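Novice: mmCIF, C-alpha atoms, file upload-v6.cif:
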data_entry
#
loop_
_atom_site.label_atom_id
_atom_site.label_comp_id
_atom_site.auth_asym_id
_atom_site.auth_seq_id
_atom_site.Cartn_x
_atom_site.Cartn_y
_atom_site.Cartn_z
CA MET U 172 -27.76 -5.60 -10.68
CA THR U 173 -30.11 -2.97 -9.25
CA ILE U 174 -29.98 0.72 -10.18
CA ASP U 175 -28.53 1.55 -6.76
CA GLU U 176 -25.85 -1.09 -7.19
CA GLN U 177 -24.92 0.29 -10.61
CA HIS U 178 -24.46 3.79 -9.23
CA VAL U 179 -22.46 2.64 -6.17
CA ARG U 180 -20.20 0.59 -8.45
CA ARG U 181 -19.67 3.69 -10.56
CA ALA U 182 -18.72 5.60 -7.40
CA LEU U 183 -16.21 2.88 -6.54
CA GLU U 184 -14.69 3.12 -10.03
CA LEU U 185 -14.34 6.87 -9.59
CA ALA U 186 -12.71 6.32 -6.19
CA ARG U 187 -10.20 3.85 -7.67
CA ALA U 188 -9.19 6.53 -10.18
CA GLY U 189 -7.75 8.42 -7.20
CA VAL U 190 -5.34 5.66 -6.18
CA GLY U 191 -1.83 7.11 -6.28
CA LEU U 192 -3.21 10.65 -6.30
CA VAL U 193 -4.94 10.85 -2.94
CA SER U 194 -2.60 9.68 -0.15
CA PRO U 195 -2.60 10.38 2.76
CA ASN U 196 -6.34 10.98 2.28
CA PRO U 197 -8.87 8.24 1.46
CA ALA U 198 -9.93 7.35 -2.08
CA VAL U 199 -13.49 8.60 -2.62
CA GLY U 200 -15.79 8.71 -5.62
CA ALA U 201 -19.26 10.23 -5.75
CA VAL U 202 -22.20 10.23 -8.15
CA VAL U 203 -25.28 12.49 -8.06
CA VAL U 204 -28.47 11.25 -9.70
CA ASP U 205 -31.40 13.66 -10.11
CA ALA U 206 -35.03 12.97 -9.17
CA SER U 207 -35.68 11.41 -12.60
CA GLY U 208 -32.82 8.91 -12.22
CA ARG U 209 -30.34 10.65 -14.55
CA GLU U 210 -26.68 11.05 -13.56
CA VAL U 211 -25.98 14.77 -13.31
CA GLY U 212 -22.70 14.90 -11.39
CA ALA U 213 -19.60 12.83 -10.62
CA GLY U 214 -16.40 13.44 -8.74
CA THR U 215 -13.09 11.83 -7.76
CA HIS U 216 -11.09 13.18 -4.85
CA THR U 217 -7.39 13.91 -5.34
CA PHE U 218 -5.11 15.42 -2.72
CA GLU U 219 -3.92 18.22 -5.00
CA GLY U 220 -7.49 18.96 -6.09
CA VAL U 221 -8.40 19.61 -2.43
CA LYS U 222 -12.17 19.43 -2.94
CA HIS U 223 -13.79 16.19 -1.84
CA ALA U 224 -15.54 13.92 -4.34
CA GLU U 225 -19.08 14.66 -3.14
CA VAL U 226 -18.52 18.43 -3.38
CA LEU U 227 -17.18 18.05 -6.93
CA ALA U 228 -20.20 15.94 -7.89
CA LEU U 229 -22.64 18.39 -6.29
CA GLU U 230 -21.04 21.36 -8.03
CA GLN U 231 -21.31 19.59 -11.37
CA ALA U 232 -24.94 18.67 -10.67
CA GLY U 233 -25.96 22.19 -9.68
CA ASP U 234 -29.74 22.51 -9.27
CA GLY U 235 -30.09 18.93 -10.51
CA ALA U 236 -28.99 17.70 -7.09
CA ARG U 237 -32.17 19.01 -5.39
CA GLY U 238 -34.41 16.07 -4.62
CA GLY U 239 -31.79 13.67 -5.97
CA THR U 240 -29.63 10.85 -4.63
CA LEU U 241 -25.94 10.89 -3.76
CA TYR U 242 -23.98 7.65 -4.19
CA LEU U 243 -20.51 7.27 -2.71
CA ASN U 244 -18.11 4.72 -1.23
CA LEU U 245 -17.21 6.56 1.99
CA GLU U 246 -19.21 8.56 4.55
CA PRO U 247 -19.23 12.35 3.98
CA CYS U 248 -16.98 14.09 6.47
CA SER U 249 -18.51 16.11 9.30
CA HIS U 250 -15.51 18.18 10.44
CA GLN U 251 -13.45 21.13 9.26
CA GLY U 252 -10.22 20.08 7.62
CA ARG U 253 -8.64 21.47 4.46
CA THR U 254 -12.27 21.87 3.35
CA GLY U 255 -15.55 22.43 5.17
CA PRO U 256 -17.77 19.52 6.24
CA CYS U 257 -19.11 17.63 3.21
CA ALA U 258 -22.22 16.61 5.16
CA ASP U 259 -23.17 20.30 5.32
CA ALA U 260 -22.69 20.65 1.55
CA VAL U 261 -24.90 17.61 0.92
CA ILE U 262 -27.65 19.09 3.08
CA ALA U 263 -27.39 22.51 1.43
CA ALA U 264 -27.61 20.96 -2.05
CA GLY U 265 -31.05 19.51 -1.27
CA ILE U 266 -30.11 15.84 -1.62
CA CYS U 267 -32.94 13.61 -0.34
CA ARG U 268 -31.19 10.24 -0.23
CA VAL U 269 -27.61 9.05 0.33
CA ILE U 270 -26.45 5.53 -0.58
CA CYS U 271 -22.99 4.81 0.84
CA SER U 272 -20.77 1.74 1.13
CA MET U 273 -19.17 2.31 4.51
CA GLU U 274 -18.64 4.48 7.56
CA ASP U 275 -15.50 6.63 7.67
CA PRO U 276 -12.79 4.91 9.80
CA ASN U 277 -11.48 8.34 10.80
CA PRO U 278 -12.34 8.75 14.52
CA ARG U 279 -13.14 12.42 13.80
CA VAL U 280 -16.03 11.29 11.57
CA ALA U 281 -17.01 7.67 12.37
CA GLY U 282 -20.77 7.99 11.88
CA GLN U 283 -21.12 11.68 12.66
CA GLY U 284 -21.52 12.55 8.98
CA PHE U 285 -24.43 10.14 8.67
CA ALA U 286 -25.93 11.50 11.89
CA LYS U 287 -25.92 15.03 10.45
CA LEU U 288 -27.63 13.85 7.28
CA ARG U 289 -30.32 11.94 9.14
CA ALA U 290 -30.93 14.88 11.47
CA ALA U 291 -31.61 16.98 8.36
CA GLY U 292 -34.22 14.47 7.15
CA ILE U 293 -32.03 12.78 4.52
CA LYS U 294 -32.55 9.05 4.10
CA VAL U 295 -29.24 7.19 4.52
CA GLU U 296 -28.62 3.62 3.36
CA LEU U 297 -25.34 1.96 4.26
CA GLY U 298 -23.43 -1.19 3.32
CA LEU U 299 -23.66 -1.67 -0.46
CA PHE U 300 -20.35 -3.22 -1.66
CA GLU U 301 -18.91 -2.60 1.80
CA ALA U 302 -16.17 -5.26 1.48
CA GLU U 303 -14.84 -3.69 -1.73
CA ALA U 304 -14.98 -0.22 -0.22
CA LYS U 305 -13.10 -1.34 2.89
CA LYS U 306 -10.38 -3.00 0.85
CA LEU U 307 -9.94 0.13 -1.26
CA ASN U 308 -9.25 2.29 1.80
CA GLU U 309 -7.60 -0.22 4.14
CA SER U 310 -4.29 1.67 4.17
CA PHE U 311 -6.07 4.91 5.10
CA ALA U 312 -7.95 3.08 7.87
CA LYS U 313 -4.74 1.71 9.39
CA TYR U 314 -2.94 5.05 9.10
CA ILE U 315 -5.73 7.29 10.43
CA ARG U 316 -6.35 5.06 13.45
CA ARG U 317 -2.84 4.02 14.42
CA GLY U 318 -0.50 6.50 12.73
CA LYS U 319 1.29 3.68 10.90
CA PRO U 320 1.20 2.42 7.31
CA LEU U 321 -0.52 -0.72 6.16
CA VAL U 322 2.35 -3.21 5.76
CA THR U 323 2.11 -5.72 2.91
CA LEU U 324 4.73 -8.42 2.45
CA LYS U 325 5.05 -9.36 -1.19
CA SER U 326 7.16 -12.25 -2.41
CA ALA U 327 7.33 -14.67 -5.30
CA MET U 328 8.46 -18.25 -4.95
CA THR U 329 8.36 -21.78 -6.22
CA LEU U 330 5.88 -24.39 -5.03
CA ASP U 331 8.42 -25.53 -2.44
CA GLY U 332 8.75 -22.02 -1.02
CA LYS U 333 12.07 -20.94 -2.57
CA ILE U 334 12.72 -17.37 -3.68
CA ALA U 335 16.03 -17.99 -5.45
CA ASP U 336 17.84 -21.02 -6.81
CA ALA U 337 21.46 -20.01 -6.24
CA THR U 338 23.71 -17.09 -5.32
CA LYS U 339 25.06 -15.16 -8.27
CA PRO U 340 28.78 -15.68 -8.78
CA GLY U 341 30.85 -12.87 -7.32
CA THR U 342 28.14 -11.41 -5.11
CA GLU U 343 28.14 -11.22 -1.36
CA HIS U 344 25.64 -13.27 0.65
CA SER U 345 23.85 -10.46 2.46
CA SER U 346 23.01 -10.46 6.15
CA GLU U 347 20.24 -8.00 5.27
CA SER U 348 18.46 -9.92 2.51
CA GLY U 349 19.37 -13.54 3.10
CA SER U 350 19.75 -14.04 -0.64
CA ALA U 351 21.92 -12.66 -3.37
CA THR U 352 18.93 -12.93 -5.71
CA PRO U 353 15.97 -11.87 -3.58
CA ALA U 354 13.57 -11.18 -6.43
CA SER U 355 12.78 -7.57 -5.61
CA GLU U 356 12.12 -6.58 -9.22
CA GLY U 357 9.46 -9.21 -9.75
CA ALA U 358 10.79 -12.58 -8.64
CA ARG U 359 14.09 -13.16 -10.39
CA SER U 360 16.08 -16.29 -9.55
CA GLY U 361 19.76 -16.27 -10.40
CA TYR U 362 19.67 -15.13 -14.01
CA HIS U 363 16.05 -16.22 -14.50
CA TRP U 364 12.63 -14.98 -13.48
CA ILE U 365 10.60 -17.20 -11.18
CA THR U 366 7.22 -15.80 -12.19
CA GLY U 367 5.95 -14.88 -15.63
CA GLU U 368 5.24 -11.54 -17.28
CA VAL U 369 1.61 -11.32 -16.14
CA ALA U 370 2.55 -11.69 -12.46
CA ARG U 371 5.43 -9.26 -12.82
CA ALA U 372 3.12 -6.67 -14.37
CA HIS U 373 0.78 -7.05 -11.41
CA VAL U 374 3.66 -6.30 -9.03
CA GLN U 375 3.77 -2.84 -10.60
CA GLN U 376 0.11 -2.39 -9.65
CA LEU U 377 0.99 -3.22 -6.04
CA ARG U 378 3.77 -0.64 -6.17
CA HIS U 379 1.40 1.94 -7.60
CA GLN U 380 -0.99 1.36 -4.69
CA SER U 381 1.85 1.84 -2.19
CA ASP U 382 3.47 4.96 -0.78
CA ALA U 383 6.79 3.22 -0.05
CA ILE U 384 8.73 0.08 -0.88
CA VAL U 385 11.39 -1.45 1.37
CA VAL U 386 14.26 -3.86 0.61
CA GLY U 387 17.51 -4.85 2.26
CA VAL U 388 20.86 -3.60 1.03
CA GLY U 389 21.64 -7.14 -0.15
CA THR U 390 18.91 -6.79 -2.77
CA VAL U 391 20.54 -3.61 -4.05
CA MET U 392 24.03 -5.14 -4.10
CA ALA U 393 22.89 -8.31 -5.85
CA ASP U 394 20.18 -7.17 -8.28
CA ASP U 395 20.88 -3.43 -8.63
CA PRO U 396 17.13 -2.76 -8.94
CA LEU U 397 15.42 0.56 -9.61
CA LEU U 398 12.53 -0.13 -7.18
CA THR U 399 10.28 2.27 -9.05
CA ASP U 400 6.58 2.31 -9.93
CA ARG U 401 6.48 1.33 -13.60
CA SER U 402 2.72 0.91 -13.85
CA GLY U 403 2.49 3.92 -16.14
CA LEU U 404 -0.26 5.39 -13.95
CA PRO U 405 -0.04 8.91 -12.49
CA ARG U 406 0.83 9.44 -8.84
CA ARG U 407 0.98 12.51 -6.62
CA ARG U 408 4.31 11.74 -5.01
CA LYS U 409 7.05 9.39 -6.04
CA LEU U 410 7.19 5.91 -4.55
CA LEU U 411 9.53 6.26 -1.57
CA ARG U 412 12.38 3.75 -1.99
CA VAL U 413 13.53 2.59 1.45
CA ILE U 414 16.76 0.64 1.87
CA LEU U 415 17.63 -1.21 5.09
CA ASP U 416 21.39 -0.85 5.36
CA SER U 417 22.77 -1.34 8.87
CA TYR U 418 26.31 -0.13 8.10
CA LEU U 419 25.69 2.08 5.03
CA ARG U 420 27.28 -0.34 2.60
CA ILE U 421 25.07 0.63 -0.34
CA PRO U 422 27.19 1.33 -3.48
CA LEU U 423 27.04 4.92 -4.62
CA ALA U 424 27.03 3.64 -8.21
CA SER U 425 23.86 1.60 -7.70
CA ARG U 426 20.90 2.55 -9.87
CA VAL U 427 18.68 3.37 -6.90
CA ILE U 428 21.23 5.97 -5.74
CA GLN U 429 22.01 7.30 -9.21
CA THR U 430 18.32 7.87 -9.99
CA ALA U 431 17.39 9.37 -6.62
CA GLU U 432 15.24 12.50 -6.73
CA HIS U 433 14.51 13.01 -3.04
CA ASP U 434 12.69 9.66 -3.12
CA VAL U 435 15.28 7.39 -1.48
CA LEU U 436 15.55 6.83 2.27
CA VAL U 437 18.36 4.72 3.73
CA LEU U 438 17.78 3.35 7.22
CA CYS U 439 20.79 2.31 9.25
CA SER U 440 21.56 1.26 12.80
CA THR U 441 25.22 2.36 12.77
CA ALA U 442 26.28 5.27 10.59
CA GLU U 443 29.84 6.38 9.87
CA GLU U 444 29.85 10.10 9.25
CA GLU U 445 31.83 9.79 6.02
CA SER U 446 29.37 7.28 4.53
CA ARG U 447 26.42 9.39 5.62
CA ARG U 448 27.88 12.54 4.05
CA ALA U 449 28.57 10.71 0.78
CA LEU U 450 24.97 9.58 0.53
CA GLU U 451 23.52 12.93 1.55
CA ALA U 452 25.65 14.61 -1.11
CA LYS U 453 23.71 12.48 -3.62
CA GLY U 454 20.41 13.76 -2.26
CA ILE U 455 19.75 10.63 -0.18
CA ARG U 456 18.05 10.95 3.18
CA VAL U 457 19.76 8.84 5.86
CA MET U 458 17.91 8.00 9.06
CA GLN U 459 19.38 6.12 11.99
CA ILE U 460 17.01 3.63 13.67
CA ALA U 461 17.94 1.75 16.82
CA ALA U 462 18.70 -1.93 16.28
CA ALA U 463 16.33 -4.60 17.55
CA ASN U 464 17.38 -6.52 20.64
CA GLY U 465 20.18 -8.89 19.77
CA GLU U 466 20.13 -7.87 16.11
CA GLU U 467 22.28 -5.73 13.84
CA ARG U 468 19.58 -4.41 11.53
CA PRO U 469 17.22 -1.52 12.45
CA ASP U 470 14.20 -2.52 14.52
CA PHE U 471 11.34 -3.19 12.10
CA ALA U 472 8.62 -1.91 14.43
CA ALA U 473 10.53 1.38 14.78
CA ILE U 474 10.88 1.56 11.00
CA VAL U 475 7.12 1.28 10.50
CA GLN U 476 6.46 3.92 13.16
CA SER U 477 8.98 6.30 11.57
CA LEU U 478 7.44 5.89 8.12
CA GLY U 479 4.04 6.71 9.57
CA GLN U 480 5.47 9.98 10.84
CA LEU U 481 6.41 10.74 7.22
CA GLU U 482 2.74 10.33 6.18
CA ILE U 483 3.42 6.97 4.54
CA THR U 484 0.09 5.14 4.61
CA SER U 485 1.12 1.95 2.79
CA LEU U 486 4.40 0.03 2.78
CA LEU U 487 5.31 -2.81 0.41
CA ILE U 488 8.05 -5.20 1.55
CA GLU U 489 10.06 -6.76 -1.29
CA GLY U 490 12.92 -8.20 0.72
CA GLY U 491 14.88 -11.42 0.86
CA ALA U 492 14.65 -14.26 3.35
CA LEU U 493 15.97 -12.47 6.44
CA VAL U 494 14.07 -9.24 5.78
CA ASN U 495 10.90 -11.29 5.32
CA GLY U 496 11.59 -13.19 8.53
CA ALA U 497 12.37 -10.05 10.54
CA ALA U 498 9.25 -8.29 9.27
CA LEU U 499 6.98 -11.22 10.15
CA ALA U 500 8.63 -11.71 13.54
CA SER U 501 8.07 -8.02 14.37
CA GLY U 502 4.30 -8.46 14.23
CA GLU U 503 4.01 -5.42 11.94
CA VAL U 504 2.90 -7.20 8.75
CA ASP U 505 -0.81 -6.70 8.08
CA LYS U 506 -1.21 -8.66 4.86
CA VAL U 507 0.68 -10.84 2.40
CA PHE U 508 0.64 -11.09 -1.37
CA LEU U 509 2.53 -14.25 -2.29
CA TYR U 510 3.04 -15.26 -5.91
CA TYR U 511 3.70 -18.92 -6.73
CA ALA U 512 5.19 -20.32 -9.93
CA PRO U 513 4.72 -23.99 -10.96
CA LYS U 514 8.37 -24.81 -10.29
CA ILE U 515 10.33 -26.74 -7.67
CA PHE U 516 13.93 -25.84 -6.79
CA GLY U 517 14.65 -28.32 -4.03
CA GLU U 518 17.52 -28.48 -1.55
CA GLY U 519 20.06 -25.66 -1.47
CA ALA U 520 17.74 -22.98 -2.83
CA VAL U 521 16.93 -19.86 -0.80
CA PRO U 522 13.80 -20.11 1.38
CA PHE U 523 11.02 -17.54 1.66
CA ILE U 524 11.98 -16.70 5.26
CA ALA U 525 15.09 -17.17 7.38
CA GLY U 526 16.20 -16.22 10.87
CA GLU U 527 15.20 -17.28 14.35
CA GLY U 528 12.46 -14.73 14.99
CA LEU U 529 9.53 -16.90 13.87
CA ARG U 530 10.71 -20.20 15.29
CA GLY U 531 7.73 -21.90 16.94
CA ARG U 532 5.44 -18.90 16.29
CA ALA U 533 2.89 -19.79 13.62
CA GLN U 534 1.01 -16.93 11.99
CA CYS U 535 -2.31 -17.69 10.29
CA VAL U 536 -3.43 -15.97 7.10
CA GLN U 537 -7.09 -15.00 7.29
CA ARG U 538 -9.67 -13.91 4.69
CA PHE U 539 -7.47 -14.98 1.82
CA GLU U 540 -8.17 -14.85 -1.92
CA LEU U 541 -6.50 -16.74 -4.74
CA HIS U 542 -5.59 -14.94 -7.97
CA ARG U 543 -4.43 -16.35 -11.30
CA PHE U 544 -1.69 -14.66 -13.35
CA GLY U 545 -1.05 -16.68 -16.49
CA GLU U 546 0.67 -19.88 -15.38
CA ASP U 547 1.27 -18.46 -11.90
CA PHE U 548 -1.11 -17.92 -8.99
CA ALA U 549 -1.05 -15.75 -5.87
CA LEU U 550 -2.46 -15.82 -2.38
CA GLU U 551 -3.60 -12.49 -0.93
CA GLY U 552 -4.60 -12.53 2.73
CA TYR U 553 -4.43 -10.85 6.10
CA LEU U 554 -2.44 -11.50 9.26
CA ARG U 555 -4.50 -8.83 11.04
CA ASP U 556 -7.51 -6.69 10.28
CA PRO U 557 -6.41 -3.20 9.07
CA TYR U 558 -9.54 -1.69 10.61
CA SER U 559 -9.50 -3.28 14.05
CA GLY U 560 -5.84 -4.30 14.32
CA GLN U 561 -6.98 -7.70 15.60
CA VAL U 562 -5.13 -10.86 14.60
#
Produce structure tokens that represent the structure in this file.
Specialist:
Amino acid sequence: MTIDEQHVRRALELARAGVGLVSPNPAVGAVVVDASGREVGAGTHTFEGVKHAEVLALEQAGDGARGGTLYLNLEPCSHQGRTGPCADAVIAAGICRVICSMEDPNPRVAGQGFAKLRAAGIKVELGLFEAEAKKLNESFAKYIRRGKPLVTLKSAMTLDGKIADATKPGTEHSSESGSATPASEGARSGYHWITGEVARAHVQQLRHQSDAIVVGVGTVMADDPLLTDRSGLPRRRKLLRVILDSYLRIPLASRVIQTAEHDVLVLCSTAEEESRRALEAKGIRVMQIAAANGEERPDFAAIVQSLGQLEITSLLIEGGALVNGAALASGEVDKVFLYYAPKIFGEGAVPFIAGEGLRGRAQCVQRFELHRFGEDFALEGYLRDPYSGQV
């Protein structure tokens, strides 16, 4: 690994430290190395900290920045926002060389920061670890360009594509989830987990990387999940717990309602005033979304658009068969993270997707990776590019 690669990787590590603390801004890390090759400054951007990573690194470096090199994962901004243009600060600090992974996907920047630096005589090199940098900020890219969150569908299943083996006795088969045991808390089937502890721990990492999680009311009625981020890592704002509940049937005694601290949003298509008032008295926000054509549940495309208006940059779907099917049929899912356990349930078990929306409409997963989690494995891949929006 070259010296430049080492410093850019360090900048990426600093940027990753901002995950959970930076939304709706991008995750950025910066390193300043003086003319002798010694690291003299480093910074991680956080939303509450306001200052951008490169400014923090330059301030720490002081006079050591003059004649030095700045390493970072994202192009310095060139416009006035909550702070002044970082490109101007880089120029004023006397930096001679900038090594950066990628251009800023924000249309207000998009190469203009680099142009400023080059016009000031600073050498700019672009593209080191670009794929990693793009993946790190893919939710920001989708949000800043389209005003909607990056939508990831997560599920866990057997090798024959089943997410639950049987309906729990005494529970209602939900029209919202398609399964009385939809595995929202880490792939639970009946009274048993489908996936192992390593995979379930990784689910908490996915939640930590997300601004919101969405399930159907059937998941709540069957599993009574908390739907919280239990990664143990700090985050700026609580994970928004979103429940799809067409007729506001969610039990007031459910754990997600009882633990609500202005972090639960219930989306309905038909709301009785009494049910709405009861939920709002518990501090629950209720939002009515028009139903999709020929459906009872709220339109998924409208849901995604509404969450974008709330500055949600990343949405994790942990639904049952019908929620999964509706989300995929809507065309709003950007990527999938599908865990597989070495088990086979066979006939009568609950499938990964249900409903008529996808009938005859194949969707291809592109640029996929395989991950190993103990005895389980997972496929992570894209249905569309978060940067271009292309299938």
Novice: Which centre and which edge lengths, in Å to one decimal, describe the axis-aligned box that holds all listed atoms of region 389-407 of chain U after 3 Å is added on each side, as AutoDock Vina command-line options?
Specialist:
--center_x 11.9 --center_y 2.1 --center_z -8.1 --size_x 30.3 --size_y 26.8 --size_z 22.0
Novice: U:Thr240, U:Thr217, U:Gln537, U:Thr173: which is nearest Val204 (chain U), counting all atoms listed in the file?
Specialist: U:Thr240
Novice: With all atoms listed in the file as the counted atoms, please give the residues lying no more than 8 Å from Gln380 (chain U), apart from itself and same-chain residues fewer than 2 positions off, as a PyMOL selection string.
Specialist: chain U and resi 190-191+376-378+382+485
Novice: Here is a test: counting only C-alpha atoms, which residue of U:Ile421, U:Ile174, U:Ala500, U:Leu398 is nearest to Gly528 (chain U)?
Specialist: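 When distances to Gly528 (chain U) are compared using only C-alpha atoms, the smallest one comes from U:Ala500.
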Novice: Report, in Å to a single decimal, how far apart CA of Ile293 (chain U) and CA of Gly189 (chain U) are.
Specialist: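 Value for the CA of Gly189 (chain U)-CA of Ile293 (chain U) distance: 27.3 Å.
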Novice: Do you have the CA of Pro195 (chain U)-CA of Asp505 (chain U) distance handy?
Specialist: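 One can read the CA of Pro195 (chain U) to CA of Asp505 (chain U) distance as 18.0 Å.
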Novice: Closest to Gly526 (chain U) among U:Leu499, U:Arg317, U:Gly403, U:Lys409, using all atoms listed in the file?
Specialist: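 Answer, going by the shortest atom-to-atom distance: U:Leu499.
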Novice: In Å to one decimal, how far is CA of Leu478 (chain U) from CA of Thr254 (chain U)?
Specialist: 25.8 Å
Novice: Contacts of His178 (chain U) at 10 Å or less, counting all atoms listed in the file, minus same-chain residues fewer than 5 places along, as a PyMOL selection string?
Specialist: chain U and resi 173+183-184+201-204+210+240-243+270
Novice: For each of U:Pro256, U:Gly490, U:Pro197, U:Gly502, take the minimum atom-to-atom distance to Ala525 (chain U), counting all atoms listed in the file, then give the residue where this is smallest.
Specialist: U:Gly490
Novice: Tell me which residues the PyMOL selection byres ((chain U and resi 205) around 8) grabs here, as a VMD selection string.
Specialist: chain U and resid 203 to 204 206 to 211 235 to 240
Novice: Using only C-alpha atoms, please write the residues we just selected to a file, as an mmCIF file, in the frame of the given file.
Specialist:
data_model
loop_
_atom_site.group_PDB
_atom_site.id
_atom_site.type_symbol
_atom_site.label_atom_id
_atom_site.label_comp_id
_atom_site.auth_asym_id
_atom_site.auth_seq_id
_atom_site.Cartn_x
_atom_site.Cartn_y
_atom_site.Cartn_z
ATOM 1 C CA VAL U 203 -25.280 12.490 -8.060
ATOM 2 C CA VAL U 204 -28.470 11.250 -9.700
ATOM 3 C CA ALA U 206 -35.030 12.970 -9.170
ATOM 4 C CA SER U 207 -35.680 11.410 -12.600
ATOM 5 C CA GLY U 208 -32.820 8.910 -12.220
ATOM 6 C CA ARG U 209 -30.340 10.650 -14.550
ATOM 7 C CA GLU U 210 -26.680 11.050 -13.560
ATOM 8 C CA VAL U 211 -25.980 14.770 -13.310
ATOM 9 C CA GLY U 235 -30.090 18.930 -10.510
ATOM 10 C CA ALA U 236 -28.990 17.700 -7.090
ATOM 11 C CA ARG U 237 -32.170 19.010 -5.390
ATOM 12 C CA GLY U 238 -34.410 16.070 -4.620
ATOM 13 C CA GLY U 239 -31.790 13.670 -5.970
ATOM 14 C CA THR U 240 -29.630 10.850 -4.630
#
Novice: Using all atoms listed in the file, which of the listed residues (U:Leu307, U:Ser249, U:Phe300, U:Ser440) sits closest to Gln177 (chain U)?
Specialist: U:Phe300
Novice: Would you pick out the contacts of Ile455 (chain U) at 9 Å or less, using all atoms listed in the file, so that residues sharing its chain but fewer than 4 positions from it are not included, and give the list as an MDAnalysis selection string?
Specialist: chainID U and resid 428 431:437 447 449:451
Novice: Using all atoms listed in the file, which of U:Gly292, U:Ala263, U:Met458, U:Val507 sits nearest Leu481 (chain U)?
Specialist: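 Under the stated criterion, the closest residue is U:Met458.
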Novice: Evaluate the PyMOL selection byres ((chain U and resi 541) around 10) and record the selected residues as a PyMOL selection string, following the chain and residue labels used in the document.
Specialist: chain U and resi 508-510+539-540+542-543+548-552
Novice: Give me the residues near Leu415 (chain U) as a ChimeraX atom specification, where near means some atom within 7 Å (using all atoms listed in the file) and where sequence neighbours in that chain fewer than 3 positions away do not count.
Specialist: /U:386-388,437-439
